[in-house]
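Scroll down for the structure; my scribbles are underneath it.
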2 protein chains.
Amino acid sequence: MADKILLAHGSGGKLAHDLIKKSFVGMLDNPLLAQMDDSAVFDIKGRLAFTTDSYVVNPIFFPGGNIGKLAVCGTVNDLSMSGAKPLYLSLAFIIEEGLLLSELKQIVGAIKATAEEAGVKIITGDTKVVDRGSADRLFINTAGIGIVPEGVNISGSNARPGDKVILSGTIGDHGIAVLSKREGISFSTELESDCAPLASLVGEMLKASRNIHCLRDPTRGGLATTLNELAEQSKVGIRIEEAKIPVREEVVGACEMLGFDPLYVANEGKLIAVVAEEDAEKVLRVMKRHPYGKNAVVIGEVITEHPGRVVMKTLLGSSRIVDMLTGDLLPRIC
Amino acid sequence: MADKILLAHGSGGKLAHDLIKKSFVGMLDNPLLAQMDDSAVFDIKGRLAFTTDSYVVNPIFFPGGNIGKLAVCGTVNDLSMSGAKPLYLSLAFIIEEGLLLSELKQIVGAIKATAEEAGVKIITGDTKVVDRGSADRLFINTAGIGIVPEGVNISGSNARPGDKVILSGTIGDHGIAVLSKREGISFSTELESDCAPLASLVGEMLKASRNIHCLRDPTRGGLATTLNELAEQSKVGIRIEEAKIPVREEVVGACEMLGFDPLYVANEGKLIAVVAEEDAEKVLRVMKRHPYGKNAVVIGEVITEHPGRVVMKTLLGSSRIVDMLTGDLLPRIC
C-alpha cells in the first residue's frame with residue numbers, strides 16, 4: 001500500500017475498497033458500518049435530531065486536537081444543543097492527493113476515540129480524493145442523528161425574560177490555539193483548544209432540570225454572535241456582565257496583541273445554557289461537577305428591553321450593545 | 001450584497017446569516033429548516049436508512065445537471081438502493097472564496113427542483129468558505145434519512161443463485177458527459193448526464209415485488225465495480241452478457257477514442273436490481289413503464305460458480321472475468 005493518498009483511493013475501485021476496509025471500517029469497527037451497503041439501516045422511534053457540519057480547519061493538527069476530533073465534537077455538540085442524545089454519525093472525507101496515510105490514520109484514531117467518549121457510532125461514510133491544489137489537505141463532513149428524550153424541548157426561540165444565562169467555561173481557547181499554531185505564535189504555557197464532546201455534560205444538566213430553555217455552543221462568531229442569535233430567535237434582550245466572563249490570561253494576551261475581541265473568538269467545547277431562574281443554581285451545580293463545566297458561571301440574564309439585542313455591562317461600568325460578528329475574524333477555524 | 005462569495009460569508013457572523021437566510025432558507029423553504037436551531041427535530045418511527053456522500057465533480061456545471069442536482073440525486077439514490085423512501089437531507093457547502101453568487105443561486109435552484117421531484121426536504125445545513133486556492137470552486141456534502149417500508153429487506157449481501165440481474169438503462173452517460181465538458185470534447189449530438197433521482201422508480205419496483213434482493217446504483221467504478229461488490233458481499237458469482245448491456249453510440253465512440261471501457265464509467269441515474277427469478281419479468285415491466293427505467297433489461301444472472309467474481313460472455317462469444325476498477329479512470333466525476 002502506498003504511504004500517501006492517491007487519486008485512485010477515491011475512485012470507487014480496488015484501492016478505495018482497500019483503504020475503506022483497512023483504515024476506516026477496520027478502525028471504526030461496528031456491525032452497521034461493516035455491512036458496507038449504500039445506507040446504514042437501523043430501528044428507531046421517537047423525536048429525532050438531525051444536523052450536519054463540514055470541517056475545514058487549518059492546520060489539520062493543532063494543540064488540543066485535530067480535524068478528526070473536531071469533526072466528531074462539532075456534530076455531537078450540535079445534537080446535544082437540541083437536547084438530543086447523540087447516537088449515530090456519518091463521516092465523509094474530501095482528501096487532497098498526497099496526504100500521508102499516517103496522518104489520515106492519526107485522524108481516524110482521534111475520530112474513534114472521540115466517538116467512543118461521546119457514545120456515538122459512525123455507521124456510514126464516503127471518501128473523495130481530489131487532485132493536488134484542489135483542496136487543502138483534508139476536509140471532513142459529519143452528519144449526526146440523535147434522539148430527544150421525552151419532555152425535553154430546547155430551542156433558540158425559547159428564551160424568556162428572567163431566565164439566567166450560564167456559560168460553561170473560558171472563551172476563545174479554540175480560536176486562539178488554532179490561530180497560534182497556524183501563525184507560529186508561541187505562548188509561555190501551551191494554550192490548547194477546548195475541543196470536547198459535550199453530550200455527557202448536557203445529559204447531566206437535563207437530568208437536573210427540564211427548565212433548560214436554550215442550549216447553544218458558541219463556535220464560529222464566538223459568544224457574542226451566539227447570544228445575538230438567541231436574542232433574535234427568542235425576540236428578547238440579553239444582558240451580560242463582562243466581569244463575569246472567564247477568559248484565560250493567554251487568550252487575553254493574544255487577543256490584545258492581535259486586535260481581537262475574545263467575545264468573537266470560536267470555542268469548540270463550551271456551551272451557553274438559558275435556564276429558568278428557579279433552576280439556574282441547580283443546573284450550575286451539576287455543571288461545575290463535570291470536567292467540561294467546572295468553570296461554569298452565570299454571565300447574565302434575559303430581559304424584555306432591547307429585543308433582539310445583547311447588552312453588556314463593561315468592566316468600566318458602562319453599558320454597550322454587543323453586535324453579531326461582521327466580516328471574518330479568523331477564517332477556517334473549524 | 002456582494003456578487004461573489006467572500007470569506008466572511010462563512011464566518012458565522014452577519015454576512016453568513018444573511019446568505020443563509022436569503023439564499024438557502026428562503027429558497028429551500030420549509031418549517032424545519034426555517035427554525036434555524038443547531039439540529040432539525042422531527043418525530044419518526046420505523047426502520048431508518050442513513051447515508052452520506054460528498055460531491056467534488058469538476059466542472060460544477062455539466063450537460064444534464066450541476067453539482068447541486070448531483071448532490072441531491074446521489075444521496076437520494078443511496079437511500080433508495082436500501083429500499084428506503086427518502087425523507088430528509090442535510091446540505092453542507094464548502095465554497096472557495098470568489099464563487100459567483102449567481103452560480104450559487106443556480107445550484108441551489110437545482111437542489112430545490114431535484115429535492116421536490118424526489119419528495120425529500122432539506123432540513124439542516126452548513127456553509128464554510130475557504131480562501132482562494134484551498135478548494136476548487138464548490139464542494140457539497142449531503143446526508144440523507146429515509147424510512148424502509150415494512151417487509152423490505154434489501155442488501156448487497158442478499159443475491160442468491162438463480163436471481164436475475166436487471167440494469168435500468170444505458171451505461172456511461174454521466175462519466176462521458178462530465179469528461180467531455182471538462183476536456184472540451186464535443187459530439188455531433190449533445191450527450192447529457194443521466195443524473196436523476198430514482199426514488200419513484202424504486203417505489204414502483206417495490207410495489208410490484210418484495211423479492212428484490214439487491215439494489216445498487218453503479219456510480220464511481222461503473223457497472224463492473226458495482227457487480228463485483230455485489231458478488232463479493234453475497235459470496236456468489238454473477239454472469240452477464242456484453243451484448244445485452246445498453247450503451248449509447250456517443251459513449252461507445254468517446255470510450256474508443258479515449259481508451260475507456262464503458263463498464264467502468266460512472267452513472268448517476270441508473271440502478272442494478274438483483275431479483276428472484278420468478279419476479280424478474282414483473283419488475284422489468286414496471287421499470288420499463290417509468291421514464292428512468294424505460295431501457296431496462298436483464299443483463300445476466302447470479303450463479304454458484306466463481307463466488308465473488310463477475311464473468312462476462314463477450315460479443316465474440318468467449319468468457320472473461322470482469323474485475324473491479326484498478327487505478328482511477330476519471331477523477332472527480334461525482
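Just so we're on the same page: first chain in the C-alpha cells is A, next is B, and so on; residues restart at 1 for each chain, and ligands are numbered from 1 in the order they show up.
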Near chain B, 6 Å: chain A residue rows, closest pairs, only C-alpha atoms, as CSV:
```
residue,atom,partner,partner_atom,distance
A:Ala8,CA,B:Asp328,CA,4.5
A:Ser11,CA,B:Asp328,CA,5.2
A:Gly12,CA,B:Arg220,CA,5.0
A:Gly13,CA,B:Leu325,CA,4.4
A:Lys14,CA,B:Thr326,CA,5.2
A:Asp38,CA,B:Asp78,CA,5.1
A:Ser39,CA,B:Thr51,CA,4.6
A:Ala40,CA,B:Phe50,CA,5.2
A:Val41,CA,B:Ala49,CA,4.3
A:Phe42,CA,B:Leu48,CA,5.4
A:Asp43,CA,B:Arg47,CA,4.3
A:Ile44,CA,B:Gly46,CA,5.6
A:Lys45,CA,B:Lys45,CA,4.0
A:Gly46,CA,B:Asp43,CA,5.6
A:Arg47,CA,B:Asp43,CA,4.3
A:Leu48,CA,B:Phe42,CA,5.4
A:Ala49,CA,B:Val41,CA,4.3
A:Phe50,CA,B:Ala40,CA,5.2
A:Thr51,CA,B:Ser39,CA,4.6
A:Thr52,CA,B:Gly125,CA,5.9
A:Asp53,CA,B:Asp126,CA,5.4
A:Asp78,CA,B:Asp38,CA,5.1
A:Leu79,CA,B:Ser39,CA,5.9
A:Thr124,CA,B:Thr51,CA,5.7
A:Gly125,CA,B:Thr52,CA,6.0
A:Asp126,CA,B:Asp53,CA,5.4
A:Ser134,CA,B:Asp136,CA,4.9
A:Ala135,CA,B:Ala135,CA,4.1
A:Asp136,CA,B:Ser134,CA,4.9
A:Arg220,CA,B:Gly12,CA,5.0
A:Gly221,CA,B:Gly12,CA,5.1
A:Met324,CA,B:Gly13,CA,5.9
A:Leu325,CA,B:Gly13,CA,4.4
A:Thr326,CA,B:Lys14,CA,5.3
A:Gly327,CA,B:Ala8,CA,4.8
A:Asp328,CA,B:Ala8,CA,4.5
```
Checklist entry - as a PyMOL selection string, which residues of stretch 55-239 of chain A does DSSP assign to alpha helix (DSSP H)? => result chain A and resi 67-80+101-118+173-183+199-208+222-234
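Selecting strand (DSSP E) from the backbone DSSP output for stretch 89-154 of chain A yields Leu89, Ser90, Leu91, Ala92, Phe93, Ile94, Ile95, Glu96, Lys121, Ile122, Ile123, Thr124, Gly125, Asp126, Thr127, Lys128, Val129, Val130, Leu138, Phe139, Ile140, Asn141, Thr142, Ala143, Gly144, Ile145, Gly146, Ile147 and Val148 of chain A.
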Next on the checklist: Can you tell me which residues surround stretch 286-295 of chain A at a distance of at most 7 Å, considering only C-alpha atoms, apart from same-chain residues fewer than 2 positions away, and format the answer as a PyMOL selection string?
Outcome noted: chain A and resi 168-169+201+204-205+282-284+297
Checklist entry - In Å, with one decimal, what is the gap from atom CA of B:Ala296 to atom CA of B:Glu192? => result 18.2 Å
As a PDB file with all heavy atoms, in the first residue's frame, please: the residues near A:Ala177 (cut-off 6 Å, only C-alpha atoms, same-chain neighbours under 3 positions excluded).
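Final file, selection_38.pdb:
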```pdb
ATOM      1  N   ASP A 173     -10.490  29.812  23.661  1.00  0.00           N
ATOM      2  CA  ASP A 173      -9.357  28.877  23.663  1.00  0.00           C
ATOM      3  C   ASP A 173      -9.135  28.229  22.290  1.00  0.00           C
ATOM      4  O   ASP A 173      -8.006  28.150  21.806  1.00  0.00           O
ATOM      5  CB  ASP A 173      -9.570  27.746  24.686  1.00  0.00           C
ATOM      6  CG  ASP A 173      -9.760  28.276  26.100  1.00  0.00           C
ATOM      7  OD1 ASP A 173      -9.980  29.487  26.244  1.00  0.00           O
ATOM      8  OD2 ASP A 173      -9.677  27.472  27.039  1.00  0.00           O
ATOM      9  N   HIS A 174     -10.226  27.743  21.673  1.00  0.00           N
ATOM     10  CA  HIS A 174     -10.066  27.041  20.401  1.00  0.00           C
ATOM     11  C   HIS A 174      -9.514  27.964  19.317  1.00  0.00           C
ATOM     12  O   HIS A 174      -8.531  27.646  18.651  1.00  0.00           O
ATOM     13  CB  HIS A 174     -11.390  26.433  19.940  1.00  0.00           C
ATOM     14  CG  HIS A 174     -11.287  25.800  18.584  1.00  0.00           C
ATOM     15  ND1 HIS A 174     -10.659  24.601  18.369  1.00  0.00           N
ATOM     16  CD2 HIS A 174     -11.678  26.227  17.348  1.00  0.00           C
ATOM     17  CE1 HIS A 174     -10.690  24.302  17.079  1.00  0.00           C
ATOM     18  NE2 HIS A 174     -11.296  25.276  16.437  1.00  0.00           N
ATOM     19  N   SER A 180      -2.726  30.363  16.725  1.00  0.00           N
ATOM     20  CA  SER A 180      -1.331  30.441  17.157  1.00  0.00           C
ATOM     21  C   SER A 180      -0.507  29.362  16.452  1.00  0.00           C
ATOM     22  O   SER A 180       0.627  29.604  16.046  1.00  0.00           O
ATOM     23  CB  SER A 180      -1.221  30.304  18.666  1.00  0.00           C
ATOM     24  OG  SER A 180      -1.643  29.025  19.076  1.00  0.00           O
ATOM     25  N   LEU A 191      -1.254  26.892  25.072  1.00  0.00           N
ATOM     26  CA  LEU A 191      -2.700  27.026  25.088  1.00  0.00           C
ATOM     27  C   LEU A 191      -3.286  25.942  24.193  1.00  0.00           C
ATOM     28  O   LEU A 191      -2.857  25.764  23.063  1.00  0.00           O
ATOM     29  CB  LEU A 191      -3.093  28.402  24.557  1.00  0.00           C
ATOM     30  CG  LEU A 191      -4.599  28.653  24.493  1.00  0.00           C
ATOM     31  CD1 LEU A 191      -5.183  28.764  25.884  1.00  0.00           C
ATOM     32  CD2 LEU A 191      -4.904  29.873  23.666  1.00  0.00           C
ATOM     33  N   GLU A 192      -4.270  25.218  24.721  1.00  0.00           N
ATOM     34  CA  GLU A 192      -4.893  24.150  23.946  1.00  0.00           C
ATOM     35  C   GLU A 192      -6.322  24.497  23.570  1.00  0.00           C
ATOM     36  O   GLU A 192      -7.020  25.186  24.315  1.00  0.00           O
ATOM     37  CB  GLU A 192      -4.894  22.853  24.769  1.00  0.00           C
ATOM     38  CG  GLU A 192      -3.519  22.283  24.950  1.00  0.00           C
ATOM     39  CD  GLU A 192      -3.570  20.791  25.255  1.00  0.00           C
ATOM     40  OE1 GLU A 192      -4.606  20.319  25.736  1.00  0.00           O
ATOM     41  OE2 GLU A 192      -2.562  20.118  24.993  1.00  0.00           O
ATOM     42  N   SER A 193      -6.750  23.965  22.430  1.00  0.00           N
ATOM     43  CA  SER A 193      -8.154  24.067  22.043  1.00  0.00           C
ATOM     44  C   SER A 193      -9.010  23.405  23.115  1.00  0.00           C
ATOM     45  O   SER A 193      -8.604  22.414  23.727  1.00  0.00           O
ATOM     46  CB  SER A 193      -8.387  23.377  20.716  1.00  0.00           C
ATOM     47  OG  SER A 193      -9.756  23.113  20.532  1.00  0.00           O
TER      48      SER A 193
END
```
Item to check | Coordinates-based distance that separates atom CA of A:Leu99 from atom CA of A:Pro59 (Å, one decimal) | outcome: 13.0 Å
Next on the checklist: Rounded to one decimal, what separation in Å do you get between atom CA of B:Ala273 and atom CA of B:His213?
Outcome noted: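 Between atom CA of B:Ala273 and atom CA of B:His213 the gap is 7.5 Å.
Nearest residue to B:Leu263 among B:Glu150, B:Asp279, B:Glu117, B:Glu242 is B:Glu242, counting only C-alpha atoms.
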Checklist entry - Leaving out A:Val298 and any residue of its chain fewer than 4 positions from it, which residues lie within 8 Å of it when counting only C-alpha atoms, given as an NGL selection string? => result :A and (164-167 or 244 or 284)
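For A:Thr189, the list of residues within 12 Å, based on only C-alpha atoms and with local chain neighbours fewer than 6 positions off taken out, reads Pro63, Ala177, Arg248, Glu249, Glu250 and Val251 of chain A.
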